[in-house]
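Here is the structure we will look at.
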Amino acid sequence: MILQYDLQFFAKDGPGGEKTEQPTSKKLQDARNEGQVAKSKEVTNAFELLTFFLLLMVWMEFMGTFFTGNMYDIYSQIPEYIKMYDGYIQEKTFTTLFVKSMLRVVLIMAPFLLCGFLVAFLTNLLQVKWRVTTKPLQPKFNKLNPVNGFKRFFSVNSLMELVKSLLKIGLIGYVVYSYLKKNMPPLYLFYDMSLNQGLEQVGRLVLGLGLRISLFYMLIALLDFIYQKVKFKNDMKMTKQEVKDEFKNQEGDPQIKSKQRQRMQEASRRRMMQQLPQADVVITNPTHYAVAIKYDPQIYDAPYVIAKGADYLAQKIKESARENHIEIVENKPLARMLYANVDVGSVVPPELYQAVAEVLAFVYHLQGKV
């Protein structure tokens with residue numbers, strides 16, 4: 001029994017082989033356009049958490065006074081509404097008081113909302129710089145594939161996310177436990193405190209605990225930021241085949257470019273052979289080179305080359321010259337110099353004026369033009 005198998009199946013990272021090559025600038029730019037960048041959400045979360053507790057430390061006393069005053073103000077208005085409606089409390093009374101209270105709460109919370117937005121914007125801007133793209137928002141139906149979803153569920157990335165979550169829970173749990181254990185005695189005295197004293201003690205406890213959690217979270221964010229950078233760099237690596245394919249796409253397939261050059265050369269030769277009947281003389285060496293010269297003072301002040309060729313093409317030029325009754329003059333040094341130094345459509349250089357002029361004079365004499 002013969003088993004057929006594909007050795008490429010065992011290759012790492014798929015048909016292209018192992019990803020060992022550094023990503024090209026085009027690969028990185030395409031990934032950025034798709035919204036794939038190296039950034040850590042934990043950095044944003046850590047800075048937002050730290051900003052929240054720092055702002056709370058500054059704003060807490062004012063917030064306590066505000067909420068106390070707000071509750072007092074709301075409840076003090078209830079008797080006035082009862083008196084206004086002859087001892088009855090109507091539904092719109094509660095609606096009015098609730099809306100008024102919520103507007104005040106939103107106003108006092110506005111600094112937190114504004115700072116949260118600014119911190120999120122700045123941390124993302126510093127990580128990935130400014131680049132607006134809507135492609136991450138576009139639906140991708142391949143993500144609905146259950147097989148791919150199953151692979152992602154058991155991927156290395158999922159494992160690292162699990163480790164990161166356990167690390168966060170462990171560190172934050174340790175911070176909470178150690179801080180509460182050290183600050184537990186004052187909590188036993190709550191029964192002997194007034195309401196304001198108790199609230200102040202709880203606020204101090206929450207603030208201290210929050211700042212410590214924020215600082216430990218910064219450590220987690222730093223580790224995650226390094227991990228995301230390394231992961232992105234590895235994910236963007238390319239196989240040798242991918243690098244070759246990208247080079248072909250950018251520069252063009254060498255075989256296709258060769259065929260294009262061949263077609264262009266053939267088109268140029270056809271145009272050259274079509275103009276050949278206008279030549280005054282064809283100068284040869286005589287077997288390897290042939291150069292067709294034309295002199296028209298209305299076009300150029302000097303003679304110019306309208307066709308040239310070597311070997312097979314030189315023979316074709318001479319055949320066309322005979323068919324069109326164009327003089328063929330053998331001059332080995334001049335033919336080699338013209339072929340090597342003058343392009344088709346270019347005028348003869350000054351150092352060859354004398355030699356070309358002598359050939360043209362000889363031809364014109366044979367044709368009876370002089």
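To be explicit about the labels: the chains of the structure tokens are called A, B, and onward in the order shown, and within each one the residues are counted from 1, while ligands get numbers from 1 in the order they are shown.
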
- Excluding same-chain residues fewer than 5 positions from Thr123 of chain A, what lies within 9 Å of it counting only C-alpha atoms, as a PyMOL selection string? chain A and resi 43-44+47+118+128

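From atom CA of Thr20 of chain A back to atom CA of Ser158 of chain A, the distance works out to 23.0 Å.
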
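Once Leu276 of chain A and its same-chain neighbours fewer than 6 positions away are set aside, Arg270, Val282, Val291, Ala292, Ile293, Lys294, Val305, Ile306, Ala307, Lys308, Ile317, Lys318, Ser320, Ala321, Asn324 and Ile326 of chain A remain within 10 Å of it when counting only C-alpha atoms.
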
Grab the residues selected above and save them as a PDB file, in the first residue's frame with C-alpha atoms.
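Okay, this is what ended up in part_35.pdb:
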ATOM      1  CA  ARG A 270       9.521  47.814 -37.202  1.00  0.00           C
ATOM      2  CA  VAL A 282      23.829  52.600 -45.639  1.00  0.00           C
ATOM      3  CA  VAL A 291      24.039  52.072 -40.239  1.00  0.00           C
ATOM      4  CA  ALA A 292      21.547  54.027 -42.372  1.00  0.00           C
ATOM      5  CA  ILE A 293      22.248  57.779 -42.651  1.00  0.00           C
ATOM      6  CA  LYS A 294      19.878  60.567 -43.707  1.00  0.00           C
ATOM      7  CA  VAL A 305      20.946  57.900 -38.045  1.00  0.00           C
ATOM      8  CA  ILE A 306      17.545  56.482 -38.957  1.00  0.00           C
ATOM      9  CA  ALA A 307      18.448  52.774 -38.602  1.00  0.00           C
ATOM     10  CA  LYS A 308      21.262  50.582 -37.388  1.00  0.00           C
ATOM     11  CA  ILE A 317      18.975  46.551 -43.353  1.00  0.00           C
ATOM     12  CA  LYS A 318      21.176  45.839 -46.354  1.00  0.00           C
ATOM     13  CA  SER A 320      15.948  46.591 -47.528  1.00  0.00           C
ATOM     14  CA  ALA A 321      18.505  49.070 -48.890  1.00  0.00           C
ATOM     15  CA  ASN A 324      14.778  50.499 -52.190  1.00  0.00           C
ATOM     16  CA  ILE A 326      19.788  52.882 -51.504  1.00  0.00           C
TER      17      ILE A 326
END

- Between atom CA of Glu18 of chain A and atom CA of Glu242 of chain A, measure the distance and give it in Å to one decimal.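 Here the two named atoms are 10.5 Å from each other.
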
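Of the residues under consideration (A:Met238, A:Leu223, A:Ala335, A:Met57), A:Met238 shows the shortest atom-to-atom contact distance to Ser25 of chain A when counting only C-alpha atoms.
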
- Go through A:Ala31, A:Val106, A:Ile226, A:Leu215 one by one, measure the shortest atom-to-atom distance of each to Leu171 of chain A using only C-alpha atoms, and give the residue with the smallest value.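 Nearest candidate to Leu171 of chain A out of A:Ala31, A:Val106, A:Ile226, A:Leu215: A:Leu215.
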
Find the spatial neighbours of Val119 of chain A, counting only C-alpha atoms, within a cut-off of 12 Å - ignore same-chain residues fewer than 4 positions away - and output them as a PDB file with C-alpha atoms, in the first residue's frame.
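Everything below was put into result.pdb:
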ATOM      1  CA  VAL A  43      -1.265  50.693  28.670  1.00  0.00           C
ATOM      2  CA  THR A  44      -4.421  52.686  28.026  1.00  0.00           C
ATOM      3  CA  ASN A  45      -6.258  50.957  30.884  1.00  0.00           C
ATOM      4  CA  ALA A  46      -3.370  51.528  33.305  1.00  0.00           C
ATOM      5  CA  PHE A  47      -3.055  55.236  32.551  1.00  0.00           C
ATOM      6  CA  GLU A  48      -6.819  55.743  32.690  1.00  0.00           C
ATOM      7  CA  LEU A  49      -6.971  53.994  36.064  1.00  0.00           C
ATOM      8  CA  LEU A  50      -4.077  56.042  37.445  1.00  0.00           C
ATOM      9  CA  THR A  51      -5.565  59.278  36.095  1.00  0.00           C
ATOM     10  CA  PHE A  52      -8.938  58.436  37.649  1.00  0.00           C
ATOM     11  CA  PRO A 111     -13.751  66.131  34.477  1.00  0.00           C
ATOM     12  CA  PHE A 112     -13.449  62.335  34.817  1.00  0.00           C
ATOM     13  CA  LEU A 113     -15.089  61.731  31.444  1.00  0.00           C
ATOM     14  CA  LEU A 114     -12.980  64.384  29.723  1.00  0.00           C
ATOM     15  CA  CYS A 115      -9.704  63.189  31.253  1.00  0.00           C
ATOM     16  CA  THR A 123      -1.843  56.776  24.925  1.00  0.00           C
ATOM     17  CA  ASN A 124      -3.016  55.335  21.599  1.00  0.00           C
ATOM     18  CA  LEU A 125      -1.473  58.248  19.711  1.00  0.00           C
ATOM     19  CA  LEU A 126       1.900  57.743  21.402  1.00  0.00           C
TER      20      LEU A 126
END

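Between His325 of chain A and the candidates A:Gln367, A:Gln298, A:Ser40, A:Gln275, the tightest atom-to-atom separation, counting only C-alpha atoms, involves A:Gln367.
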
- Query: For Leu352 of chain A, which of A:Arg336, A:Lys19, A:Lys129, A:Lys316 is the closest residue, counting only C-alpha atoms?
  - Reply: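 When distances to Leu352 of chain A are compared using only C-alpha atoms, the smallest one comes from A:Arg336.
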